[in-house]
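Here is the structure we will look at.
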There are 4 protein chains.
Amino acid sequence: MLEDLKERVSRLNPDLDQYPPGTVTSGNISGRDPETNLVVITPSGLPHDQLTADNMVVVSLDGDVVEGGLKPSVDTATHLHVYRERSDLHGVVHTHSAHATAFAASGLSIPIILTAMADHFGGPIMVAPYAAVGGADIGRQIVEHLGDSSAILLKHHGLFTVGDSPEAAFKRAVIVEHMAKTCFLALQLGECEEIPDQEAARAHRRYQEQYGQRT
Amino acid sequence: MLEDLKERVSRLNPDLDQYPPGTVTSGNISGRDPETNLVVITPSGLPHDQLTADNMVVVSLDGDVVEGGLKPSVDTATHLHVYRERSDLHGVVHTHSAHATAFAASGLSIPIILTAMADHFGGPIMVAPYAAVGGADIGRQIVEHLGDSSAILLKHHGLFTVGDSPEAAFKRAVIVEHMAKTCFLALQLGECEEIPDQEAARAHRRYQEQYGQRT
Amino acid sequence: MLEDLKERVSRLNPDLDQYPPGTVTSGNISGRDPETNLVVITPSGLPHDQLTADNMVVVSLDGDVVEGGLKPSVDTATHLHVYRERSDLHGVVHTHSAHATAFAASGLSIPIILTAMADHFGGPIMVAPYAAVGGADIGRQIVEHLGDSSAILLKHHGLFTVGDSPEAAFKRAVIVEHMAKTCFLALQLGECEEIPDQEAARAHRRYQEQYGQRT
Amino acid sequence: MLEDLKERVSRLNPDLDQYPPGTVTSGNISGRDPETNLVVITPSGLPHDQLTADNMVVVSLDGDVVEGGLKPSVDTATHLHVYRERSDLHGVVHTHSAHATAFAASGLSIPIILTAMADHFGGPIMVAPYAAVGGADIGRQIVEHLGDSSAILLKHHGLFTVGDSPEAAFKRAVIVEHMAKTCFLALQLGECEEIPDQEAARAHRRYQEQYGQRT
């Protein structure tokens with residue numbers, strides 16, 4: 001009796017600490033191929049654990065779907081605007097991760113109070129004004145406010161990170177979320193002194209020159 | 001010597017960050033079959049990892065157990081009231097997820113400060129007055145205060161979400177908890193501007209029309 | 001060259017979000033056998049993932065080790081005092097779970113602002129005064145302040161829960177931690193009204209009579 | 001078409017609650033061999049899940065790489081300074097764990113309000129002044145401010161713990177993070193009384209003498 005509905009109800013777990021990853025669909029990721037300028041982007045509204053190479057969508061810089069049976073992300077126009085304006089970038093990541101998005105919701109930048117943030121970003125993570133999803137408005141805000149940085153909050157909305165590959169942009173999104181969490185906690189504990197601009201810039205240079213195995 | 005008790009004590013892990021999922025039983029989930037109007041609901045007090053299609057309970061809209069060896073959820077009267085009053089709904093989910101329930105405990109609605117919330121709900125998540133568990137009082141509060149929304153907090157208690165399937169209601173519960181967490185963090189950071197009603201409504205319409213692969 | 005030290009250093013992960021469970025040893029659990037009055041308790045200082053039936057320690061109510069090659073928990077005197085004074089109890093759990101222990105550190109009781117807390121405990125989770133670990137002082141504070149409840153905070157220290165089995169006490173520890181988290185969040189959001197005593201008592205009775213599959 | 005880029009984009013999951021462990025590289029761990037005085041340290045910038053015995057770097061106390069194909073941690077000079085000044089230490093761990101680092105970012109010590117902290121550390125976890133990464137400045141701050149303790153925060157930066165083995169230092173880093181979390185929560189709830197110095201010292205002695213299976 002009603003075997004299918006029973007199976008479906010029993011599979012959902014009301015203990016949300018352990019919710020099935022298949023439920024969440026927010027955020028999107030793209031990479032631009034340096035040779036063809038074509039962009040590979042995640043499809044709209046697919047649960048993250050269903051993303052495979054086969055359901056990625058390939059679009060041109062003008063937004064034409066070149067390959068893929070699914071509709072691309074609703075934020076595709078945003079990614080494409082960034083790629084058109086910034087030929088140095090080959091990866092864009094957008095997330096609603098909780099701590100970064102909390103700063104965005106408050107309209108606050110993430111202050112430069114951590115050496116790790118100086119190392120990775122050289123300064124605060126700025127928040128750009130609100131823009132409606134869908135058209136090129138968000139892309140314009142990103143390009144206008146990003147400057148030399150590689151991460152920007154969008155008011156009421158979430159986080160965008162960029163890089164010379166999708167992996168580089170993704171790593172920055174992970175780091176910004178961890179930093180947003182640490183800064184949130186620090187700001188709750190009391191006033192926090194900022195790291196002086198010059199010292200942050202110095203740490204950023206040193207990090208780029210000396211950290212990791214790239215030399 | 002006392003082998004059974006030793007085995008039982010050794011199996012419990014006092015590091016609660018890693019508590020066994022079998023401990024938690026709160027929350028409940030149901031789905032209404034569109035053809036028969038029968039409701040499949042989770043049984044009362046069973047650890048979530050023991051829920052299977054076989055121990056789901058089938059009840060009529062009047063509350064008669066039609067099939068199932070276990071007692072249905074103590075919130076069954078609530079689910080049934082919602083289904084009787086709202087023929088458009090085929091899924092109800094109730095959780096005590098920490099962040100959503102914190103707003104409920106404070107008697108506060110979750111303000112509309114995130115685009116994702118505008119997208120999914122078109123406005124704030126309202127909190128309905130306290131009602132005692134067990135009878136139809138909670139169901140009445142839900143129906144009265146839900147309006148066009150698909151999620152409602154109940155003061156001192158927790159979250160109810162609804163949808164045209166149990167999966168749709170469940171996905172909303174997951175999203176509300178993530179939003180409640182983000183809004184909690186944002187409100188700790190300082191005053192948050194709300195997204196204007198009209199803009200929230202526009203985003204909600206656009207989301208329903210354009211997001212995902214449904215077209 | 002130094003293969004053993006290399007292996008050991010490489011096994012430790014500085015990303016503490018993913019620390020190996022073998023690191024944590026705090027907290028302890030015991031059960032009293034109803035027939036012999038002997039108590040099975042976890043050994044002192046063993047990582048939780050190394051606990052097995054074989055390394056549990058069996059002690060008499062007077063504290064003599066009856067079986068087991070390891071030293072029992074440093075809190076053994078506390079557990080035994082509780083069992084001697086309360087013949088109705090057959091399980092004691094002690095944890096330092098973060099949210100419950102935060103209330104203990106602040107010297108604050110967890111207020112009765114959630115229906116789930118009324119259901120499970122019928123009132124607030126009280127905090128008993130500080131007592132030094134090791135002797136029977138903590139046991140005396142527990143017995144004196146526990147009253148009809150089954151969970152008590154100890155100032156500066158952590159949480160003790162009791163029950164008619166180790167599993168019942170353990171389930172309560174999990175529930176208290178989840179409630180402490182929810183109440184913490186609610187108290188940060190603003191003033192919270194308490195559920196009136198009479199209503200909390202009514203909910204507690206109903207829960208004991210109607211919840212779950214025990215009838 | 002663009003199979004490699006599709007594969008790479010699809011592998012990144014914008015739901016950061018479930019980010020791949022391979023993304024995070026911060027923190028470092030070392031151990032000194034008691035016989036040769038050589039130090040085994042983690043390489044610079046490698047994702048934690050790629051650390052193996054084979055890619056550990058062996059350095060002399062003067063900083064010469066004795067074995068290993070990779071560049072050692074950028075904090076190597078710090079670890080070596082500590083080992084040179086403190087012949088009793090054979091393990092150093094550095095992390096950016098969120099709660100400990102939040103106290104560091106605020107320039108605040110972690111107050112002694114928990115018995116577990118008295119047990120493990122005998123007093124507060126102090127914060128040393130800011131020093132730039134790279135040279136011996138951080139090492140000097142650690143040695144100067146560590147005193148009898150085995151954990152120290154560095155302003156704007158993070159946590160350093162020490163011990164007579166890498167495992168002992170690592171366990172302390174895990175415990176400091178858990179305590180920093182609990183203390184953070186407690187301080188949000190209200191004013192917290194500190195445990196008196198004498199009582200903290202007594203608990204610390206008792207813990208060293210009686211806890212665990214070492215006797």
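Residues in the structure tokens are numbered from 1 in each chain, the chains being A, B, ... in the order shown, and ligands are numbered from 1 in the order shown.
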
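For segment 40-127 of chain C, backbone-based DSSP labels the following residues as strand (DSSP E or B): Val40, Ile41, Pro43, Val57, Val58, Val59, Val65, Val66, Glu67, Pro72, Gly91, Val92, Val93, His94, Thr95, Ile110, Ile125 and Val127 of chain C.
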
Next on the checklist: Distance limit 8 Å, atoms considered: only C-alpha atoms. Which chain C residues sit that close to chain D? Return them as a PyMOL selection string.
Outcome noted: chain C and resi 2-3+5-17+19+23-24+43-46+70-71+73-74+98-99+101-103+105-107+132-133+156-157+184+187-188

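For the pair atom CA of Ile152 of chain D and atom CA of Pro129 of chain D, the interatomic distance is 10.6 Å.
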
Checklist outcome for this item: Nearest to Leu108 of chain C, restricted to only C-alpha atoms and choosing among C:Asp148, C:Arg86, C:Thr161, C:Leu153, comes out as C:Leu153

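Here atom CA of Val82 of chain B is placed at a distance of 18.7 Å from atom CA of Phe121 of chain B.
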
Item to check | Close residues, Gly139 of chain B itself excluded, 7 Å, only C-alpha atoms, min 3 positions apart in chain, as a VMD selection string | outcome: chain B and resid 78 to 79 81 to 82 136 142 to 143

Export, as a PDB file, in the first residue's frame, the selected residues with C-alpha atoms.
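What follows is the written file out-v8.pdb:
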```pdb
ATOM      1  CA  THR B  78      -1.310  18.890  13.160  1.00  0.00           C
ATOM      2  CA  HIS B  79      -0.381  17.413   9.781  1.00  0.00           C
ATOM      3  CA  HIS B  81      -5.466  19.583   9.983  1.00  0.00           C
ATOM      4  CA  VAL B  82      -3.160  21.228   7.444  1.00  0.00           C
ATOM      5  CA  ALA B 136      -5.410  20.564  16.338  1.00  0.00           C
ATOM      6  CA  ILE B 142      -0.196  27.054  10.836  1.00  0.00           C
ATOM      7  CA  VAL B 143      -3.152  27.436   8.498  1.00  0.00           C
TER       8      VAL B 143
END
```

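The gap separating atom CA of Asp4 of chain C from atom CA of Asp64 of chain D is 20.6 Å, in Å to one decimal.
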